[in-house]
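Undergrad: Pasting a structure below so you can have a look.
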Number of protein chains: 2
Amino acid sequence: MISLADVQAAAETLRGQVLRTPMLPAPKLSQKTGAEVFVKYENLQVTNSFKDRGAFVKLNSLTPEERACGVIAMSAGNHAQSVAYHARRLGIAATIVMPVTTPFVKVDATRAYGAEVVLDGETIADAQATAETLVRERGLVLVHPYDDPAIIAGQGTIALEMLADVPDLDVVVVPIGGGGLIAGVAVGARGLRPEIEILGVEAALYPSMRNALRGENGMIGGPTLAEGIAVKNFGKLTLPIVRELVSDVVLVDEAHLERAVDGYLTLQKTMAEGAGAAGLAAMLAYPERFAGRKVGLILCGGNIDPRIVASIMVRELERDDRIVSFRLTIPDRPGVLGPIAMLLGRLNANILEVDHRRLFLDVPAKGAKLDVTIETRDRAHADEVFAALAEGGYQPARIETASTMD
Amino acid sequence: MISLADVQAAAETLRGQVLRTPMLPAPKLSQKTGAEVFVKYENLQVTNSFKDRGAFVKLNSLTPEERACGVIAMSAGNHAQSVAYHARRLGIAATIVMPVTTPFVKVDATRAYGAEVVLDGETIADAQATAETLVRERGLVLVHPYDDPAIIAGQGTIALEMLADVPDLDVVVVPIGGGGLIAGVAVGARGLRPEIEILGVEAALYPSMRNALRGENGMIGGPTLAEGIAVKNFGKLTLPIVRELVSDVVLVDEAHLERAVDGYLTLQKTMAEGAGAAGLAAMLAYPERFAGRKVGLILCGGNIDPRIVASIMVRELERDDRIVSFRLTIPDRPGVLGPIAMLLGRLNANILEVDHRRLFLDVPAKGAKLDVTIETRDRAHADEVFAALAEGGYQPARIETASTMD
């Protein structure tokens, strides 16, 4: 088992090697959730995730012989970059096995840190087999992403820093993939402050740890925004620690993960990947668990595709009816668009898109459909525009988008 | 004039009243610019800009009689929120005059801090006249956004914190609107470290301070992403300080402002408004000024419309050819799309949009145009896809988007 002393030793090892990240009050998140929220900005580490901590502690613990052999890790994500980054710093050759489906941005980022990237296998499991073969054939030392005492102790140093900055936290909310982060944080935090609650969060599509704790068989799999915690297995080392020190594991669905990413961006001005926002997602999904309490959130990673972030922000505006689409039925003759555009202008609705079609089958032969997408102040303003269009005889119908339907 | 002692006194006043924001190394921005970059995260203040500092110092300096009268400010932006926020904390009634064109998000945010918002005038100048009328009629105390010694001293406290954290900075790059921030920072930084360079940045469309310093008549006006520093006048108090202590004022165009907002988001995982990113924009525009030096950037604000951020991120992907559009000429008969989609799939190009049209005049009567937008790994991959489409006889033509043309 890992003890508080192990985590404290890891903190000594890490001094000056990784960023001592800020732990700051988040007033707008506090206002939104009714709790007193503090955020630990692990997205500001060099590779933009907390994985830098465990990776350094593990690599630094290797013997000269092991260092000379070189290390190998299997990861499509943040662990890959952290191992590559610190291995180069320590002069250790690193091989990273990634599934062939890994986005090239992540492959490139890992190569940029000087690692040899081996693309093999369709899935993580296939890549795992490849990594094990390379361990045998080349004598490389495997750096496991979570099931290793050095890794767990390294991640646990986050808890020491959080409590040094805010000693009277009531609860820390921690995303769970394989469980390395929560196991380390639980040992560190409850070691210093036994009465603190450690609450785990998993993506609803990947309830591996919750299943194991409760003896349940919740379905595992599917595409999730929180791919950093989309892990099918729990750790053999992490499970008993979680069982002993963690109060509960809650599940968050995709809509709450999206809203949490958006909340970090628009309210707290910081970029979280899906897994990094899982703690905030839990607060949005279960506000009653946190109301009035002093809550520590670990924003554990910020590596997210810019296209996905852009889409999340626009979808959130759609959910709030600040971007809204109407389909209007109009006679198909010249001069019809003018009055509609004038009407929208008078109501201060900003037109984003207009699509004018005659070909829909449900339109009378001499009629047409006009789809307009507008920007509004808020939901009440959108309703006001709708009413004015109805009043004008344009038979408006709201067009449901992907986001307004979920 | 304002002295280092005034700035130090302001720092005492601010202790515990505003966030002592982090000042952290930005390794990826350093790599991108060839300098050693540190970022001061003023976007983490409660109202998400540095204006919280000067506003508190000014409001706190008022006499009991002045506090009883209440205060007024004229601003469509961050100054409004900071005055509203601290006035409520100090129990002072606040009136904020905003132009009627102010986005409702900002009006709402200011009202949410408890201020009375008066919407009046088409422009800032009109709103200014209204504010002056209210000062006369209601006896309110005007809180100027920059031309006030208390405001200048308050903003200058940023420099003390930056040098406390990184004492050997070579240069601090500071956005200029009316000049309150740079005047305070110059007094604070050069007071502590006379050899430090203070470099100002203005939006190329609003070179007010540069005009004044150089006796030039550069055109002022136009829509800019950096609306927080789109100021037509320089301050009467700030100009002489800038003239004495600032080495130069450089101008940044809209494309560099956009890239800087994107750089903060994708590389440093933090949200900057246009004005807040102006310092980084200057580094991207004039890298030779900074190469090898220790540079302090003040990320002075993070209040930016989510729709604009989303659009900036997508435009940047287009600039890098990670999102690219082709127009293909194809025979207008069934079964043509299949082979094209197969070809793109084989090349790992992710199809984002397909638009198929028969109605373009430059297409033979039996032909059609197919516009496809795809996601690629990088520019080389985009070129590879283009070559394969040409090879396949589809006569591809790149479609220039707004962003690839600038």
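Ordering of the structure tokens sets the chain letters (A, B, ...), residue numbers begin anew at 1 in every chain, and ligands are numbered from 1 in the order given.
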When the cut-off is 10 Å and we count only C-alpha atoms, which residues of chain B are near chain A, given as a PyMOL selection string?
TA: chain B and resi 19-28+43-48+103-105+108+262+264-273+301-314+316-317+323+348+375-378
Undergrad: If you run DSSP on the backbone here, which positions in region 271-360 of chain B get strand (DSSP E or B)? Please write them as a ChimeraX atom specification.
TA: /B:294-299,301,323-331,350-357
Undergrad: Name all residues at most 9 Å from region 173-183 of chain B (count only C-alpha atoms; drop same-chain ones fewer than 6 positions away) and give them as number ranges by chain.
TA: B: 2, 50-51, 54, 145-149, 151-156, 158, 197-203, 206, 208-209, 228-235, 237-242, 245-246, 249, 275-280, 282-283, 295-300
Undergrad: Which neighbours of Val385 (chain B) fall inside 8 Å, counting only C-alpha atoms, when residues of the same chain fewer than 5 positions from it are skipped, and could you give them as a PyMOL selection string?
TA: chain B and resi 344+347+349
Undergrad: Restricted to N, CA, C and O atoms, what would the selected residues look like written as a PDB file, in the first residue's frame?
TA:
```pdb
ATOM      1  N   LEU B 344     -11.178   9.738 -50.187  1.00  0.00           N
ATOM      2  CA  LEU B 344     -10.868  10.577 -49.020  1.00  0.00           C
ATOM      3  C   LEU B 344     -10.678   9.721 -47.775  1.00  0.00           C
ATOM      4  O   LEU B 344      -9.796   9.973 -46.952  1.00  0.00           O
ATOM      5  N   LEU B 347      -7.335   8.087 -47.607  1.00  0.00           N
ATOM      6  CA  LEU B 347      -6.264   9.040 -47.275  1.00  0.00           C
ATOM      7  C   LEU B 347      -6.396   9.570 -45.846  1.00  0.00           C
ATOM      8  O   LEU B 347      -5.688  10.493 -45.454  1.00  0.00           O
ATOM      9  N   ALA B 349      -8.650  11.439 -44.628  1.00  0.00           N
ATOM     10  CA  ALA B 349      -9.183  12.797 -44.564  1.00  0.00           C
ATOM     11  C   ALA B 349     -10.609  12.703 -44.033  1.00  0.00           C
ATOM     12  O   ALA B 349     -11.436  11.990 -44.590  1.00  0.00           O
TER      13      ALA B 349
END
```
Undergrad: Enumerate, as a ChimeraX atom specification, the complete set of residues in region 3-60 of chain B that a backbone-based DSSP assignment places in alpha helix (DSSP H).
TA: /B:4-14,27-33,51-60
Undergrad: Using Å and a single decimal, report how far CA of Ala125 (chain B) sits from CA of Pro223 (chain B).
TA: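 Taking CA of Pro223 (chain B) and CA of Ala125 (chain B), their separation equals 16.3 Å.
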Undergrad: Env of Gln17 (chain B): 10 Å cut, atoms = only C-alpha atoms, seq-sep filter 5 positions within chain, self excluded. Answer as a PyMOL selection string.
TA: chain B and resi 11-12+52-53+56-57+86+89
Undergrad: Between A:Ile124, A:Val172, A:Ala382, A:Ala112, which has the minimum distance to Val97 (chain A) (counting only C-alpha atoms)?
TA: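 Closest residue, counting only C-alpha atoms: A:Ile124.
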Undergrad: Could you tell me how far CA of Gly77 (chain A) lies from CA of Ala129 (chain A), in Å and to one decimal?
TA: 17.4 Å
Undergrad: Rounded to one decimal, what separation in Å do you get between CA of Ser82 (chain A) and CA of Glu318 (chain B)?
TA: 28.7 Å
